[in-house]
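Report on the following structure.
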Amino acid sequence: MEKFANKKIVLAVSGGIAAYKAADVASWLTKNGAQVHCVLTKAAAEFVSPLVLQSLTGYPVVQDEFVTGPGWGIVHIELAAGADLLAVIPATANIIAKIAAGIADDALTSTVLAATCPLFMAPAMNTHMYENPATQQNLQILRGRGWQIMPPDNGRLACGAVGQGKLPAVEAIELELEQLLLAATAEPGRRDLAGKRVLVTAGPTTEPIDPVRYISNRSSGKMGYAVATRAAERGAEVLLVSGPTALQPPDGVRFVQVESACQMREAVLAEYAACDVVIMAAAVADYRVAEPADHKIKKTGDNQEMTLRLLRNPDILQELGEAKQQQFLVGFAAETHNLEEYAKGKLAAKHADLLVANDVSRADAGFDVDTNQIIIFAADGGRQTYPLTTKLAAADYILDAVAARINI
């Protein structure tokens with residue numbers, strides 16, 4: 001059976017150079033059974049032919065909200081009616097600003113304003129335009145209204161600049177859309193974590209060398225933030241303890257910001273006794289500098305080497321496992337080789353109930369990407385391998401495994 005059979009998708013394309021990639025998304029959705037209705041701005045039609053999109057989807061492409069003819073009523077109302085998802089790909093700075101302001105002066109923006117379905121956008125633009133405070137404020141407004149916004153990638157842009165603003169890979173966008181469509185067809189109002197207190201750790205920790213330098217790792221925090229987001233949506237009371245990241249804390253989640261491993265330990269232990277579930281997704285630094293300098297260490301002509309004495313950081317997961325009472329404890333293992341062997345060993349040694357393992361040497365499942373491929377090992381002997389998917393979908397896999405065991 002086609003996975004998106006009978007699903008109506010409105011694909012809104014705005015006028016950026018990445019508009020041509022919307023054709024790949026339209027083709028993929030159509031091949032999987034979706035009814036894809038495209039609406040373009042006037043500028044978008046300069047980048048991708050409406051005829052191409054019509055040929056791929058089998059439906060007329062809307063550019064003019066005043067189109068008339070047999071079967072057409074009020075175009076933007078009919079496009080929005082009954083839609084299962086509206087996706088703006090790509091979303092330019094201009095279209096983001098118009099949507100945030102509630103402007104409806106063409107077919108695309110009028111359709112957005114009439115839509116009552118889940119909403120998704122993938123911004124793509126020049127780095128400075130994306131980083132401009134106006135654009136960031138507009139994106140924050142849209143997040144507050146429930147839009148699912150996929151951050152742009154870093155890379156070389158069409159304008160020649162290098163930085164954040166590149167439309168994510170089509171495959172990553174497709175995974176995100178799949179998760180949204182699956183969530184829309186899931187059991188309505190699933191609240192299987194209602195009444196549970198869930199603590200999630202996320203991100204890296206930073207261990208100072210001096211006031212301007214530190215030891216850290218490549219964790220972006222995306223996995224932990226995804227777990228916190230989904231846990232809150234499933235009814236839990238969530239506390240997110242996070243090391244330094246570039247991410248916005250999820251709505252409806254209590255948030256504690258820390259920097260070092262010792263600060264994370266202190267924040268977690270202060271809340272541990274009252275928790276039902278603890279999910280340790282943070283990549284906690286194993287070592288810290290023994291004597292951080294009070295002032296910036298200066299480079300001198302004869303100073304060709306620097307020796308740092310490192311001390312072992314506290315093992316927070318181990319400590320939680322040994323003190324565990326009613327808590328259900330989930331650990332993570334980010335490995336580059338011998339994944340299963342190390343994961344099973346860590347599960348037993350840390351007294352965890354579940355251990356989520358992933359191979360961070362993979363370009364599509366490691367740090368600072370939007371996708372992951374996880375294996376969950378359970379203390380009760382269970383083992384489940386999951387497909388490559390978005391981190392939001394992986395978060396649901398983890399929470400499914402938790403809920404199945406705590407709601408017996």
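Residue names in the structure tokens use chain letters A, B, ... in the order shown, residue numbers from 1 in each chain, and ligand numbers from 1 in the order shown.
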I want to know what sits within 7 Å of stretch 190-198 of chain A, based on only C-alpha atoms, with residues of the same chain fewer than 6 positions away left out; could you give that as a ChimeraX atom specification?
/A:234-239,275-278,403
Deliver the residues from the most recent selection as a file, using C-alpha atoms, as a PDB file, in the first residue's frame.
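Written output follows (part-v5.pdb):
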```
ATOM      1  CA  ARG A 234       2.843  13.140  24.509  1.00  0.00           C
ATOM      2  CA  GLY A 235       1.726  14.678  27.802  1.00  0.00           C
ATOM      3  CA  ALA A 236       4.807  14.530  30.006  1.00  0.00           C
ATOM      4  CA  GLU A 237       6.020  17.258  32.332  1.00  0.00           C
ATOM      5  CA  VAL A 238       9.471  17.786  30.825  1.00  0.00           C
ATOM      6  CA  LEU A 239      12.669  19.311  32.167  1.00  0.00           C
ATOM      7  CA  CYS A 275      11.532  12.038  38.053  1.00  0.00           C
ATOM      8  CA  ASP A 276       9.786   9.045  36.510  1.00  0.00           C
ATOM      9  CA  VAL A 277      11.926   8.899  33.360  1.00  0.00           C
ATOM     10  CA  VAL A 278      15.439  10.213  32.723  1.00  0.00           C
ATOM     11  CA  ALA A 403       6.090   3.958  27.265  1.00  0.00           C
TER      12      ALA A 403
END
```
Those in stretch 191-299 of chain A with helix (DSSP H, G or I) from DSSP, as a PyMOL selection string
chain A and resi 222-233+261-272
Would you save the residues from that selection as a PDB file, in the first residue's frame, using C-alpha atoms?
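So again_7.pdb came out as:
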```
ATOM      1  CA  LYS A 222      19.265  18.054  18.137  1.00  0.00           C
ATOM      2  CA  MET A 223      18.539  14.530  19.370  1.00  0.00           C
ATOM      3  CA  GLY A 224      17.925  15.561  22.972  1.00  0.00           C
ATOM      4  CA  TYR A 225      15.799  18.523  21.958  1.00  0.00           C
ATOM      5  CA  ALA A 226      13.732  16.235  19.714  1.00  0.00           C
ATOM      6  CA  VAL A 227      13.146  13.850  22.638  1.00  0.00           C
ATOM      7  CA  ALA A 228      12.096  16.736  24.889  1.00  0.00           C
ATOM      8  CA  THR A 229       9.745  18.062  22.206  1.00  0.00           C
ATOM      9  CA  ARG A 230       8.025  14.738  21.636  1.00  0.00           C
ATOM     10  CA  ALA A 231       7.798  13.897  25.338  1.00  0.00           C
ATOM     11  CA  ALA A 232       5.987  17.171  26.007  1.00  0.00           C
ATOM     12  CA  GLU A 233       3.638  16.578  23.074  1.00  0.00           C
ATOM     13  CA  ALA A 261      29.740  18.353  33.092  1.00  0.00           C
ATOM     14  CA  CYS A 262      29.825  19.224  36.778  1.00  0.00           C
ATOM     15  CA  GLN A 263      27.064  21.798  36.282  1.00  0.00           C
ATOM     16  CA  MET A 264      25.002  19.231  34.382  1.00  0.00           C
ATOM     17  CA  ARG A 265      25.476  16.695  37.162  1.00  0.00           C
ATOM     18  CA  GLU A 266      24.358  19.212  39.764  1.00  0.00           C
ATOM     19  CA  ALA A 267      21.245  20.170  37.768  1.00  0.00           C
ATOM     20  CA  VAL A 268      20.266  16.543  37.110  1.00  0.00           C
ATOM     21  CA  LEU A 269      20.799  15.333  40.679  1.00  0.00           C
ATOM     22  CA  ALA A 270      18.711  18.220  42.025  1.00  0.00           C
ATOM     23  CA  GLU A 271      15.694  16.886  40.062  1.00  0.00           C
ATOM     24  CA  TYR A 272      16.359  13.153  39.939  1.00  0.00           C
TER      25      TYR A 272
END
```
Closest contacts (stretch 350-381 of chain A/stretch 329-343 of chain A, max 6 Å, only C-alpha atoms) as CSV:
```
residue,atom,partner,partner_atom,distance
A:Ala352,CA,A:Leu329,CA,5.2
A:Asp353,CA,A:Leu329,CA,5.3
A:Leu354,CA,A:Val330,CA,4.7
A:Leu355,CA,A:Gly331,CA,4.8
A:Val356,CA,A:Phe332,CA,4.7
A:Ala357,CA,A:Ala333,CA,4.6
A:Asn358,CA,A:Ala334,CA,5.3
A:Asp359,CA,A:Glu335,CA,5.1
A:Val360,CA,A:Thr336,CA,5.7
A:Ser361,CA,A:Thr336,CA,5.1
```
Kindly save the residues from that selection, with N, CA and C atoms included, as an mmCIF file, in the first residue's frame.
```cif
data_model
loop_
_atom_site.group_PDB
_atom_site.id
_atom_site.type_symbol
_atom_site.label_atom_id
_atom_site.label_comp_id
_atom_site.auth_asym_id
_atom_site.auth_seq_id
_atom_site.Cartn_x
_atom_site.Cartn_y
_atom_site.Cartn_z
ATOM 1 N N ALA A 352 21.367 0.912 33.305
ATOM 2 C CA ALA A 352 20.297 1.598 32.583
ATOM 3 C C ALA A 352 19.210 0.600 32.209
ATOM 4 N N ASP A 353 18.022 1.124 31.916
ATOM 5 C CA ASP A 353 16.913 0.278 31.463
ATOM 6 C C ASP A 353 16.902 0.159 29.941
ATOM 7 N N LEU A 354 17.297 1.234 29.264
ATOM 8 C CA LEU A 354 17.444 1.220 27.815
ATOM 9 C C LEU A 354 18.758 1.901 27.460
ATOM 10 N N LEU A 355 19.345 1.463 26.354
ATOM 11 C CA LEU A 355 20.550 2.105 25.835
ATOM 12 C C LEU A 355 20.337 2.365 24.344
ATOM 13 N N VAL A 356 20.371 3.625 23.956
ATOM 14 C CA VAL A 356 20.173 4.022 22.557
ATOM 15 C C VAL A 356 21.549 4.197 21.928
ATOM 16 N N ALA A 357 21.833 3.408 20.901
ATOM 17 C CA ALA A 357 23.161 3.428 20.277
ATOM 18 C C ALA A 357 23.064 3.925 18.844
ATOM 19 N N ASN A 358 24.062 4.698 18.431
ATOM 20 C CA ASN A 358 24.150 5.099 17.030
ATOM 21 C C ASN A 358 25.610 5.273 16.632
ATOM 22 N N ASP A 359 25.841 5.114 15.336
ATOM 23 C CA ASP A 359 27.192 5.196 14.770
ATOM 24 C C ASP A 359 27.426 6.629 14.297
ATOM 25 N N VAL A 360 28.176 7.396 15.077
ATOM 26 C CA VAL A 360 28.373 8.807 14.751
ATOM 27 C C VAL A 360 29.439 9.020 13.680
ATOM 28 N N SER A 361 30.035 7.936 13.188
ATOM 29 C CA SER A 361 30.962 8.094 12.060
ATOM 30 C C SER A 361 30.211 8.210 10.738
#
```
Need to verify the contact set: stretch 148-159 of chain A, 6 Å, only C-alpha atoms, exclusion of same-chain residues closer than 4 positions in sequence. Can you return it as a tab-separated table (two decimals) with C-alpha atoms, in the first residue's frame?
```tsv
chain	number	residue	atom	x	y	z
A	120	PHE	CA	5.95	23.04	7.37
A	121	MET	CA	8.57	25.28	5.81
A	122	ALA	CA	12.17	24.91	4.71
A	163	GLY	CA	27.29	29.88	5.46
A	164	GLN	CA	23.86	28.88	6.72
A	165	GLY	CA	21.03	29.35	4.26
A	166	LYS	CA	21.23	26.35	1.93
A	167	LEU	CA	18.07	24.31	1.41
A	168	PRO	CA	18.58	20.95	3.14
```
Fewer than 5 positions away in the same chain doesn't count, so skip those; otherwise give me all residues within 12 Å of A:Leu139, counting only C-alpha atoms, as a PyMOL selection string.
chain A and resi 91-101+120-123+130-134+144-151+248
Which residues, written as number ranges by chain, have at least one atom at most 9 Å from A:Ala43, with only C-alpha atoms counted and residues fewer than 2 positions away on the same chain left out?
A: 14-16, 40-41, 45-47
Residue nearest A:Asn138 - candidates A:Pro292, A:Gly102, A:Pro314, A:Pro208, atoms counted: only C-alpha atoms
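Comparing A:Pro292, A:Gly102, A:Pro314, A:Pro208 against A:Asn138, the winner is A:Gly102.
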Residue nearest A:Ala5 - candidates A:Arg309, A:Lys31, A:Arg143, A:Lys350, atoms counted: only C-alpha atoms:
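Of A:Arg309, A:Lys31, A:Arg143, A:Lys350, the one nearest A:Ala5 is A:Lys31, counting only C-alpha atoms.
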If I take atom CA of A:Thr245 and atom CA of A:Asn126, how far is one from the other in Å, to one decimal?
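It comes out at 22.3 Å.
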Running DSSP on the backbone, which parts of stretch 114-274 of chain A land in strand (DSSP E or B), as a PyMOL selection string?
chain A and resi 119-123+148-149+153-156+162-166+197-202+204+207-210+213-215+237-242+254-257
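Closest approach to A:Ala161 among A:Val241, A:Glu319, A:Met129, A:Arg312: A:Met129, based on only C-alpha atoms.
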Stretch 368-374 of chain A: which residues within 6 Å, counting only C-alpha atoms, same-chain residues fewer than 6 positions away excluded, as a PDB file with N, CA and C atoms, in the first residue's frame?
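Contents of selection21.pdb, freshly written:
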```pdb
ATOM      1  N   SER A 220      25.284  18.613  18.584  1.00  0.00           N
ATOM      2  CA  SER A 220      24.464  19.795  18.321  1.00  0.00           C
ATOM      3  C   SER A 220      23.296  19.924  19.291  1.00  0.00           C
ATOM      4  N   ALA A 357      21.833   3.408  20.901  1.00  0.00           N
ATOM      5  CA  ALA A 357      23.161   3.428  20.277  1.00  0.00           C
ATOM      6  C   ALA A 357      23.064   3.925  18.844  1.00  0.00           C
ATOM      7  N   ASN A 358      24.062   4.698  18.431  1.00  0.00           N
ATOM      8  CA  ASN A 358      24.150   5.099  17.030  1.00  0.00           C
ATOM      9  C   ASN A 358      25.610   5.273  16.632  1.00  0.00           C
ATOM     10  N   TYR A 386      16.217   0.405  14.125  1.00  0.00           N
ATOM     11  CA  TYR A 386      15.263   1.277  13.446  1.00  0.00           C
ATOM     12  C   TYR A 386      15.903   1.835  12.174  1.00  0.00           C
ATOM     13  N   PRO A 387      15.074   2.203  11.187  1.00  0.00           N
ATOM     14  CA  PRO A 387      15.620   2.732   9.937  1.00  0.00           C
ATOM     15  C   PRO A 387      16.131   4.155  10.101  1.00  0.00           C
ATOM     16  N   LEU A 388      16.943   4.590   9.147  1.00  0.00           N
ATOM     17  CA  LEU A 388      17.355   5.986   9.112  1.00  0.00           C
ATOM     18  C   LEU A 388      16.120   6.862   8.993  1.00  0.00           C
ATOM     19  N   THR A 389      16.023   7.848   9.861  1.00  0.00           N
ATOM     20  CA  THR A 389      14.841   8.707   9.874  1.00  0.00           C
ATOM     21  C   THR A 389      15.208  10.048  10.488  1.00  0.00           C
ATOM     22  N   THR A 390      14.234  10.926  10.627  1.00  0.00           N
ATOM     23  CA  THR A 390      14.498  12.204  11.276  1.00  0.00           C
ATOM     24  C   THR A 390      14.720  11.987  12.770  1.00  0.00           C
ATOM     25  N   LYS A 391      15.363  12.947  13.395  1.00  0.00           N
ATOM     26  CA  LYS A 391      15.579  12.823  14.838  1.00  0.00           C
ATOM     27  C   LYS A 391      14.268  12.933  15.610  1.00  0.00           C
TER      28      LYS A 391
END
```
Using only C-alpha atoms, which of A:Ala202, A:Val212, A:Leu53, A:Ala26 sits nearest A:Ala282?
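For A:Ala282, the nearest of the candidates is A:Ala202.
When only C-alpha atoms are used to measure the gap to A:Leu399, the shortest distance among A:Thr109, A:Ala23, A:Val200, A:Arg254 belongs to A:Val200.
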Taking only C-alpha atoms into account, which of A:Glu305, A:Asp396, A:Glu78, A:Asp286 comes nearest A:Ala115?
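Closest candidate: A:Glu78.
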